[in-house]
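Asker: Just so it is clear, I am handing over upload_26.cif, which has mmCIF, C-alpha atoms.
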```cif
data_data
#
loop_
_atom_site.group_PDB
_atom_site.id
_atom_site.type_symbol
_atom_site.label_atom_id
_atom_site.label_comp_id
_atom_site.auth_asym_id
_atom_site.auth_seq_id
_atom_site.Cartn_x
_atom_site.Cartn_y
_atom_site.Cartn_z
ATOM 1 C CA MET A 1 65.607 -33.325 -14.548
ATOM 2 C CA TYR A 2 63.180 -33.436 -11.645
ATOM 3 C CA LEU A 3 60.229 -35.718 -11.258
ATOM 4 C CA GLN A 4 57.062 -34.162 -9.951
ATOM 5 C CA TYR A 5 55.695 -36.113 -7.036
ATOM 6 C CA ASN A 6 52.154 -35.713 -5.653
ATOM 7 C CA CYS A 7 51.558 -36.838 -2.118
ATOM 8 C CA THR A 8 48.843 -39.486 -2.130
ATOM 9 C CA LYS A 9 47.886 -39.127 1.515
ATOM 10 C CA PRO A 10 44.588 -37.545 2.568
ATOM 11 C CA CYS A 11 44.803 -33.884 3.508
ATOM 12 C CA GLU A 12 44.945 -33.239 7.254
ATOM 13 C CA ASN A 13 43.991 -29.555 7.114
ATOM 14 C CA ILE A 14 40.710 -27.970 8.148
ATOM 15 C CA ASN A 15 38.413 -26.804 5.320
ATOM 16 C CA LYS A 16 38.553 -23.119 4.412
ATOM 17 C CA LYS A 17 36.148 -20.901 6.373
ATOM 18 C CA CYS A 18 35.156 -23.791 8.604
ATOM 19 C CA SER A 19 34.245 -22.831 12.147
ATOM 20 C CA LEU A 20 33.535 -26.416 13.226
ATOM 21 C CA ASN A 21 36.912 -27.964 12.342
ATOM 22 C CA HIS A 22 35.701 -30.231 9.528
ATOM 23 C CA LYS A 23 38.681 -31.870 7.850
ATOM 24 C CA CYS A 24 39.393 -31.412 4.185
ATOM 25 C CA GLU A 25 38.423 -34.490 2.166
ATOM 26 C CA LYS A 26 40.857 -33.863 -0.672
ATOM 27 C CA MET A 27 44.274 -35.328 -1.217
ATOM 28 C CA CYS A 28 47.323 -33.702 0.328
ATOM 29 C CA TYR A 29 48.495 -32.129 -2.960
ATOM 30 C CA GLU A 30 45.062 -30.567 -3.731
ATOM 31 C CA ASP A 31 43.984 -27.133 -2.558
ATOM 32 C CA CYS A 32 41.488 -27.165 0.283
ATOM 33 C CA SER A 33 38.074 -25.725 -0.612
ATOM 34 C CA LEU A 34 35.314 -24.022 1.334
ATOM 35 C CA CYS A 35 33.675 -26.344 3.804
ATOM 36 C CA THR A 36 30.617 -27.995 2.238
ATOM 37 C CA VAL A 37 29.501 -30.070 5.237
ATOM 38 C CA LYS A 38 25.774 -29.349 5.762
ATOM 39 C CA VAL A 39 24.971 -27.759 9.129
ATOM 40 C CA GLU A 40 22.178 -25.833 10.876
ATOM 41 C CA ARG A 41 22.643 -22.083 11.294
ATOM 42 C CA ILE A 42 20.783 -19.627 13.499
ATOM 43 C CA LEU A 43 20.292 -16.519 11.378
ATOM 44 C CA ALA A 44 20.359 -12.915 12.598
ATOM 45 C CA CYS A 45 16.533 -12.878 12.494
ATOM 46 C CA GLY A 46 16.417 -15.839 14.909
ATOM 47 C CA HIS A 47 15.119 -18.354 12.350
ATOM 48 C CA ILE A 48 16.998 -21.634 11.908
ATOM 49 C CA LYS A 49 18.204 -22.612 8.430
ATOM 50 C CA LYS A 50 19.055 -26.282 7.847
ATOM 51 C CA ASP A 51 21.404 -27.846 5.295
ATOM 52 C CA VAL A 52 23.653 -24.798 4.949
ATOM 53 C CA PRO A 53 27.224 -25.384 3.752
ATOM 54 C CA CYS A 54 29.435 -24.810 6.795
ATOM 55 C CA GLY A 55 31.773 -22.482 4.876
ATOM 56 C CA LEU A 56 28.943 -20.084 4.007
ATOM 57 C CA SER A 57 28.818 -17.070 6.310
ATOM 58 C CA ILE A 58 25.539 -16.095 7.987
ATOM 59 C CA ASP A 59 25.645 -12.751 6.150
ATOM 60 C CA GLU A 60 25.409 -14.609 2.829
ATOM 61 C CA ILE A 61 22.210 -16.475 3.775
ATOM 62 C CA LYS A 62 18.844 -14.871 3.001
ATOM 63 C CA CYS A 63 15.981 -15.981 5.205
ATOM 64 C CA ILE A 64 12.967 -16.572 2.954
ATOM 65 C CA LEU A 65 10.493 -17.337 5.739
ATOM 66 C CA PRO A 66 7.618 -14.894 6.305
ATOM 67 C CA CYS A 67 8.807 -11.877 8.260
ATOM 68 C CA GLU A 68 5.890 -11.558 10.726
ATOM 69 C CA ARG A 69 7.309 -8.445 12.432
ATOM 70 C CA PRO A 70 4.435 -6.302 13.739
ATOM 71 C CA LEU A 71 3.622 -3.209 11.674
ATOM 72 C CA LYS A 72 2.303 0.060 13.167
ATOM 73 C CA CYS A 73 -1.236 -1.100 12.413
ATOM 74 C CA ASP A 74 -0.700 -4.335 14.427
ATOM 75 C CA HIS A 75 -0.901 -6.517 11.305
ATOM 76 C CA LYS A 76 2.132 -8.688 10.604
ATOM 77 C CA CYS A 77 4.580 -7.897 7.826
ATOM 78 C CA GLN A 78 4.029 -10.102 4.778
ATOM 79 C CA SER A 79 7.481 -9.660 3.218
ATOM 80 C CA GLN A 80 10.160 -12.310 3.347
ATOM 81 C CA CYS A 81 12.281 -12.085 6.472
ATOM 82 C CA TYR A 82 15.397 -10.709 4.749
ATOM 83 C CA GLU A 83 13.422 -7.900 3.038
ATOM 84 C CA LYS A 84 12.523 -4.534 4.515
ATOM 85 C CA CYS A 85 8.937 -4.328 5.703
ATOM 86 C CA LYS A 86 6.534 -2.828 3.164
ATOM 87 C CA PRO A 87 3.364 -0.858 3.932
ATOM 88 C CA CYS A 88 0.508 -3.067 5.101
ATOM 89 C CA GLU A 89 -1.416 -4.582 2.188
ATOM 90 C CA ASN A 90 -4.274 -6.006 4.243
ATOM 91 C CA GLN A 91 -7.647 -4.600 3.307
ATOM 92 C CA VAL A 92 -9.772 -3.337 6.156
ATOM 93 C CA ARG A 93 -13.391 -2.233 6.233
ATOM 94 C CA VAL A 94 -13.636 0.969 8.215
ATOM 95 C CA ILE A 95 -16.846 2.305 9.750
ATOM 96 C CA PHE A 96 -16.871 6.022 10.538
ATOM 97 C CA TYR A 97 -19.157 8.167 12.703
ATOM 98 C CA ILE A 98 -18.905 11.122 10.306
ATOM 99 C CA PRO A 99 -20.003 10.616 7.589
ATOM 100 C CA ASN A 100 -21.830 7.424 8.454
ATOM 101 C CA VAL A 101 -20.228 5.236 5.774
ATOM 102 C CA THR A 102 -18.449 1.948 5.552
ATOM 103 C CA ILE A 103 -15.529 1.761 3.139
ATOM 104 C CA CYS A 104 -12.893 -0.785 2.296
ATOM 105 C CA LEU A 105 -9.281 0.456 2.165
ATOM 106 C CA PHE A 106 -5.796 -0.927 2.204
ATOM 107 C CA CYS A 107 -4.709 -0.721 5.811
ATOM 108 C CA PHE A 108 -1.761 1.595 5.077
ATOM 109 C CA VAL A 109 -4.061 3.999 3.142
ATOM 110 C CA TYR A 110 -6.384 4.155 6.136
ATOM 111 C CA PHE A 111 -3.470 5.046 8.379
ATOM 112 C CA ILE A 112 -2.238 7.751 5.994
ATOM 113 C CA LEU A 113 -5.638 9.352 5.329
ATOM 114 C CA TYR A 114 -7.610 9.044 8.527
ATOM 115 C CA LEU A 115 -5.663 8.421 11.683
ATOM 116 C CA GLY A 116 -5.247 11.554 13.730
ATOM 117 C CA ARG A 117 -7.983 13.537 11.955
ATOM 118 C CA LYS A 118 -10.676 14.729 14.337
ATOM 119 C CA ASN A 119 -13.519 14.750 11.788
ATOM 120 C CA TYR A 120 -12.964 11.063 11.025
ATOM 121 C CA THR A 121 -13.216 9.093 14.228
ATOM 122 C CA ARG A 122 -12.822 5.372 13.743
ATOM 123 C CA LEU A 123 -15.559 3.267 15.276
ATOM 124 C CA TRP A 124 -13.884 -0.018 14.382
ATOM 125 C CA SER A 125 -12.186 -1.808 11.524
ATOM 126 C CA PHE A 126 -11.874 -5.413 10.445
ATOM 127 C CA ASN A 127 -10.845 -7.435 7.408
ATOM 128 C CA CYS A 128 -12.954 -6.804 4.302
ATOM 129 C CA ASN A 129 -13.568 -10.488 3.672
ATOM 130 C CA GLU A 130 -15.040 -10.960 7.163
ATOM 131 C CA MET A 131 -18.285 -9.157 6.249
#
```
Reformat the file's structure so that it appears as structure tokens.
Answerer:
Amino acid sequence: MYLQYNCTKPCENINKKCSLNHKCEKMCYEDCSLCTVKVERILACGHIKKDVPCGLSIDEIKCILPCERPLKCDHKCQSQCYEKCKPCENQVRVIFYIPNVTICLFCFVYFILYLGRKNYTRLWSFNCNEM
């Protein structure tokens, strides 16, 4: 008959998936886990995320800050950073030479319908709520 003996010393191994050599805080006989020490990470988008478990890979972290990448219309993307940019949802008031009207459109609709057409020459555009 054998007695089962568990080592009562602290583990001396490095946590699993730890790139900063944080030591395991379990006992020697316990399995090491993913590193849970909170660290700062620089994400692929360039934003800094604080309080991330060290064992979590950058690919698993979604940046929820505003994207702010420039769209074709020069407005900034309003999606979250990890999402693909959506068409511009800003509303713009557009004044045309022909016909002499002022209309309010979503920016992306303006780009689809009017840019590049010779009979609709843009005089200027600005946010609808600025008038």
Asker: Quick one: distance from CA of Thr36 in chain A to CA of Thr8 in chain A in Å, one decimal?
Answerer: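 Separating CA of Thr36 in chain A from CA of Thr8 in chain A is a distance of 22.0 Å.
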Asker: For the atom pair CA of Lys17 in chain A and CA of Lys50 in chain A, what is the interatomic distance in Å to one decimal place?
Answerer: 18.0 Å
Asker: For Lys23 in chain A, which of A:Ile64, A:Ala44, A:Cys54, A:Leu3 is the closest residue, counting only C-alpha atoms?
Answerer: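 Ranking A:Ile64, A:Ala44, A:Cys54, A:Leu3 by distance to Lys23 in chain A, first place goes to A:Cys54.
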Asker: Which distance in Å separates CA of Asn13 in chain A and CA of Ile48 in chain A, to one decimal?
Answerer: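 Spanning CA of Asn13 in chain A to CA of Ile48 in chain A is a straight-line distance of 28.5 Å.
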Asker: Taking all atoms of range 31-37 of chain A that appear in the file, build a box with edges along x, y and z, extend it by 3 Å on every side, and state its centre and edge lengths in Å to one decimal, as lines of an AutoDock Vina configuration file.
Answerer:
```
center_x = 36.7
center_y = -27.0
center_z = 1.3
size_x = 20.5
size_y = 12.0
size_z = 13.8
```
Asker: Counting only C-alpha atoms, figure out which residue out of A:Gln4, A:Lys9, A:Cys18, A:Leu65 gets nearest to Cys45 in chain A.
Answerer: A:Leu65
Asker: Of the candidates A:Arg41, A:Asn6, A:His75, A:Glu60, which one gets nearest to Ser19 in chain A if we count only C-alpha atoms?
Answerer: A:Arg41
Asker: On this file, the PyMOL selection byres ((chain A and resi 79) around 9) gives some set of residues; write that set as a VMD selection string.
Answerer: chain A and resid 64 to 68 77 to 78 80 to 86
Asker: Kindly indicate which residue among A:Arg93, A:Arg69, A:His22, A:Lys38 lies nearest to Cys107 in chain A, using only C-alpha atoms for the distances.
Answerer: A:Arg93
Asker: Find the residue from A:Val92, A:Cys7, A:Val39, A:Cys73 that sits nearest to Ser57 in chain A; use all atoms listed in the file when measuring.
Answerer: A:Val39
